[in-house]
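Just below is one structure, and these are the notes that go with it.
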Amino acid sequence: MASLLSRFCRKLAVPGSAHGARMVSTTTSCGSETVKSLNLYSAINQALHIALETDPRSYVFGEDVGFGGVFRCTTGLAERFGKNRVFNTPLCEQGIVGFGIGLAAMGNRAVVEIQFADYIYPAFDQIVNEAAKFRYRSGNQFNCGGLTIRAPYGAVGHGGHYHSQSPEAFFCHVPGIKVVIPRSPREAKGLLLSSIRDPNPVVFFEPKWLYRQAVEEVPEHDYMIPLSEAEVIRQGNDITLVGWGAQLTVMEQACLDAEKEGISCELIDLKTLLPWDKETVETSVKKTGRLLISHEAPVTGGFGAEISATILERCFLKLEAPVSRVCGLDTPFPLVFEPFYMPTKNKILDAIKSTVNY
Amino acid sequence: MALSRLSSRSTTLFQPLAAAFPTTLRRHISTDTTPITVETSLPFTSHLVEPPSRAVETSSSELLSFFRDMALMRRMEIAADSLYKAKLIRGFCHLYDGQEAVAIGMEAAITRRDAIITSYRDHCTFLGRGGGIFEAFSELMGRTTGCSKGKGGSMHFYKKDASFYGGHGIVGAQAPLGCGLAFAQKYSKEEAVTFTLYGDGAANQGQLFEALNIAALWDLPAVLVCENNHYGMGTAEWRSAKSPAYFKRGDYVPGLKVDGMDALAVKQACKFAKEHALKNGPIILEMDTYRYHGHSMSDPGSTYRTRDEISGVRQVRDPIDRVRKLIISHDIATEKELKDMEKEVRKEVDAAVAQAKESPIPEPSDLFTNIYVKGFGSESFGADRKELRATLP
């Protein structure tokens with residue numbers, strides 16, 4: 001029983017490449033670019049500072065953002081830009097998002113914070129029926145492209161039912177909005193600035209596990225990372241792994257372990273889930289012939305199913321093995337059972353091996 | 001009143017002798033049910049209804065039970081604080097200390113057939129409904145001996161046989177639910193009501209107004225209780241509500257504002273509200289209360305309010321101290337006896353914690369139980385579709 005437990009327990013990763021090693025905060029210059037060692041919430045904070053600075057008609061609001069927010073992502077904004085641009089809302093997600101849609105419809109950039117992704121459901125109607133369809137149903141007369149909804153998502157080790165959910169799949173089913181999930185501080189800053197400036201409503205999920213855990217060199221200037229472009233963060237030949245957000249840390253560990261056994265893994269960060277970069281994944285799978293998708297959300301109906309079906313359509317004759325999905329179990333997100341629920345490194349490693357040896 | 005004074009004075013004569021048998025002495029006093037009338041500290045403010053009288057009928061035994069139960073609740077919350085810091089309680093832990101009078105006063109006015117439903121700050125409400133501290137600590141630590149078999153945690157305490165419907169994580173989601181419970185009670189002519197508790201933060205949720213409208217439209221026996229501790233997590237009420245007079249926000253629904261730190265006022269208001277709800281439909285009670293801890297254990301509670309404010313309330317309005325003063329001034333017990341009671345409570349809590357620590361964690365197969373009802377035969381696959389297969393029982 002103890003060995004079973006240790007097999008399935010999530011190990012905290014401090015990887016070398018994708019997420020940066022833990023270092024003392026330093027500022028160094030790399031050529032013309034000044035970089036600083038930042039964690040995820042500081043990178044997001046920096047992005048918000050830049051967004052508010054560069055566009056005088058941008059606003060940040062949500063529950064408790066005034067004092068810096070529960071995860072400190074909005075520190076210093078109210079002091080710097082004033083209470084008219086950075087303010088607390090009452091506790092009403094439906095009202096907050098609806099209000100943001102209205103603000104965006106008048107040509108402003110509304111950066112809405114939902115305190116935890118688990119609380120986004122009261123606002124689901126506003127996002128799906130109002131935000132996503134506004135441009136479409138008004139024949140392009142109106143739009144709420146300036147709307148960006150930020151929410152911390154994902155497991156944190158002890159969050160239980162309502163502080164750990166990954167609801168990205170619900171939103172990927174809605175044409176009209178974009179869904180973006182960064183994997184690290186550097187990515188988060190660039191992707192958030194792109195999302196805020198994108199002329200479409202964007203739902204931006206931030207992996208809360210990484211708010212403090214991930215530290216990386218982040219450039220201090222204003223930069224954007226393009227949406228709908230996936231990135232191959234690790235080259236390989238035997239199998240393609242696709243993931244997003246905090247799960248990539250775990251998948252990278254599995255790739256390192258697989259390499260010791262002679263399996264060369266290619267790891268792709270999808271970054272934008274809707275609309276997702278099908279070409280990059282297709283090219284990779286045509287090279288390797290095998291695909292494994294991993295996400296924290298439950299496997300049935302998760303976004304992995306969409307990736308699997310699309311790749312099957314495009315690469316059927318090139319596939320050497322069935323597409324493998326290593327995801328959360330089909331249960332509500334549990335409290336004490338979290339180590340069993342999670343798609344851990346060992347589960348991914350097992351799946352890599354069985355796919356390669358199919 | 002005079003009679004009870006006499007009886008208590010005569011027992012103090014026996015005190016030196018009875019010191020050898022302290023439990024006998026206490027038992028004698030604590031079963032005294034001669035009515036005592038006490039005035040509430042503040043008058044009730046009302047909206048669209050005549051407020052109840054400030055004179056509350058109570059008794060020595062009731063006051064002593066108030067003291068003991070509130071001391072138990074306070075001790076439990078403090079023990080939960082240490083357990084959380086020791087990482088024996090995981091997840092999120094929302095503590096109720098400071099607000100005990102609401103749970104205690106409510107229980108004194110109603111029966112176990114009246115339903116209570118509340119938010120995530122539910123440990124003391126569970127205790128008030130007859131829940132045991134052992135079940136509470138087990139649930140907090142995620143053990144099978146917990147009230148929700150270890151699967152709910154701090155935010156999801158339930159007790160079906162006491163009509164306690166929990167324990168809800170999503171703010172405000174329990175409001176329409178509570179009105180549904182009230183509907184069922186009216187339909188089955190049970191002469192029972194539902195107390196739906198929510199906070200000042202939840203008062204701004206749209207679903208609350210939907211629930212109010214439905215309850216008023218169909219004359220449901222629903223008592224909506226706003227536990228106004230003045231902070232919705234980190235946002236003060238004046239910054240989140242245009243009208244912080246929560247008892248008036250029902251508009252066409254009558255309301256009553258109550259000093260939530262005075263257990264007797266709470267009891268009077270709840271008694272009044274139950275009678276009203278059974279005859280005339282919904283009523284809102286706003287309990288003016290205060291929480292000493294932050295919103296949860298992850299919140300220090302001092303970034304949005306001053307420590308002076310917290311200690312000020314503790315000195316002037318603490319619910320347990322108020323009952324203590326009442327007991328002493330009415331000669332029901334001495335200060336030493338009350339302190340002994342508190343020490344006993346502390347031992348009880350420590351014993352429950354120790355026992356809960358030894359309790360087993362749930363079996364891994366429990367991960368798949370109770371997702372659906374028995375017999376549906378659904379299968380749940382492991383992550384890679386090859387392992388951890390279970391047929392849902």
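If you're wondering about the labels, chains in the structure tokens are A, B, ... by order shown, residues count from 1 in each chain, ligands from 1 in order shown.
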For the interface of chain A with chain B (cut-off 6 Å, counting only C-alpha atoms), please tabulate each contacting residue of chain A alongside its nearest pair of atoms and their separation in Å to one decimal, rows sorted by chain and increasing number, as CSV.
residue,atom,partner,partner_atom,distance
A:Asp64,CA,B:Gly234,CA,5.8
A:Pro90,CA,B:Ser240,CA,4.5
A:Leu91,CA,B:Gly201,CA,5.6
A:Cys92,CA,B:Gln205,CA,4.9
A:His158,CA,B:Gly91,CA,4.6
A:Gly159,CA,B:Gly91,CA,4.9
A:Gly160,CA,B:Gly91,CA,5.9
A:Arg325,CA,B:Asp384,CA,5.8
A:Val326,CA,B:Ala383,CA,4.6
A:Cys327,CA,B:Ala383,CA,5.0
Worksheet item: In range 91-172 of chain B, what's alpha helix (DSSP H) per DSSP? Answer as a list of chain:residue names?
Response: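 Output for range 91-172 of chain B, alpha helix (DSSP H) only: B:Glu100, B:Ala101, B:Val102, B:Ala103, B:Ile104, B:Gly105, B:Met106, B:Glu107, B:Ala108, B:Ala109, B:His123, B:Cys124, B:Thr125, B:Phe126, B:Leu127, B:Gly128, B:Ile133, B:Phe134, B:Glu135, B:Ala136, B:Phe137, B:Ser138, B:Glu139, B:Leu140.
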Practice prompt. Compile the contact shell of Lys160 in chain B as an MDAnalysis selection string: residues with an atom at most 12 Å away, counting only C-alpha atoms, same-chain residues fewer than 6 positions apart removed.
Written response: chainID B and resid 112:117 126 129:131 147:148 166:167
For the selection just defined, write its residues with N, CA and C atoms to a file, as a PDB file, in the first residue's frame.
ATOM      1  N   ARG B 112     -35.091  20.115  16.040  1.00  0.00           N
ATOM      2  CA  ARG B 112     -34.242  19.423  15.074  1.00  0.00           C
ATOM      3  C   ARG B 112     -34.988  19.119  13.786  1.00  0.00           C
ATOM      4  N   ARG B 113     -36.296  19.389  13.751  1.00  0.00           N
ATOM      5  CA  ARG B 113     -37.013  19.166  12.502  1.00  0.00           C
ATOM      6  C   ARG B 113     -36.975  20.407  11.612  1.00  0.00           C
ATOM      7  N   ASP B 114     -36.629  21.544  12.219  1.00  0.00           N
ATOM      8  CA  ASP B 114     -36.386  22.714  11.386  1.00  0.00           C
ATOM      9  C   ASP B 114     -35.043  22.511  10.710  1.00  0.00           C
ATOM     10  N   ALA B 115     -34.987  22.899   9.435  1.00  0.00           N
ATOM     11  CA  ALA B 115     -33.737  22.643   8.709  1.00  0.00           C
ATOM     12  C   ALA B 115     -32.817  23.851   8.786  1.00  0.00           C
ATOM     13  N   ILE B 116     -31.528  23.588   8.795  1.00  0.00           N
ATOM     14  CA  ILE B 116     -30.547  24.674   8.700  1.00  0.00           C
ATOM     15  C   ILE B 116     -29.637  24.369   7.522  1.00  0.00           C
ATOM     16  N   ILE B 117     -29.373  25.389   6.726  1.00  0.00           N
ATOM     17  CA  ILE B 117     -28.403  25.229   5.643  1.00  0.00           C
ATOM     18  C   ILE B 117     -27.511  26.464   5.673  1.00  0.00           C
ATOM     19  N   PHE B 126     -22.659  22.871  12.821  1.00  0.00           N
ATOM     20  CA  PHE B 126     -22.740  21.417  12.916  1.00  0.00           C
ATOM     21  C   PHE B 126     -22.803  20.982  14.373  1.00  0.00           C
ATOM     22  N   ARG B 129     -26.132  21.630  15.905  1.00  0.00           N
ATOM     23  CA  ARG B 129     -27.159  20.684  15.474  1.00  0.00           C
ATOM     24  C   ARG B 129     -27.004  19.330  16.145  1.00  0.00           C
ATOM     25  N   GLY B 130     -26.046  19.219  17.042  1.00  0.00           N
ATOM     26  CA  GLY B 130     -25.894  17.961  17.755  1.00  0.00           C
ATOM     27  C   GLY B 130     -24.718  17.147  17.266  1.00  0.00           C
ATOM     28  N   GLY B 131     -23.947  17.713  16.381  1.00  0.00           N
ATOM     29  CA  GLY B 131     -22.779  16.983  15.901  1.00  0.00           C
ATOM     30  C   GLY B 131     -21.719  16.876  16.985  1.00  0.00           C
ATOM     31  N   CYS B 147     -18.001  13.205   9.748  1.00  0.00           N
ATOM     32  CA  CYS B 147     -19.436  13.225   9.458  1.00  0.00           C
ATOM     33  C   CYS B 147     -19.743  13.035   7.978  1.00  0.00           C
ATOM     34  N   SER B 148     -18.838  13.391   7.114  1.00  0.00           N
ATOM     35  CA  SER B 148     -19.050  13.139   5.685  1.00  0.00           C
ATOM     36  C   SER B 148     -18.103  12.056   5.195  1.00  0.00           C
ATOM     37  N   GLY B 166     -25.857  21.235   5.631  1.00  0.00           N
ATOM     38  CA  GLY B 166     -24.500  21.625   5.251  1.00  0.00           C
ATOM     39  C   GLY B 166     -24.305  23.111   5.015  1.00  0.00           C
ATOM     40  N   GLY B 167     -23.172  23.435   4.786  1.00  0.00           N
ATOM     41  CA  GLY B 167     -21.832  22.980   4.371  1.00  0.00           C
ATOM     42  C   GLY B 167     -21.663  23.213   2.887  1.00  0.00           C
TER      43      GLY B 167
END
Fill in: Atomic distance CA of Leu241 in chain A - CA of Gly157 in chain A, expressed in Å with one decimal
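Distance reported for this atom pair: 23.6 Å.
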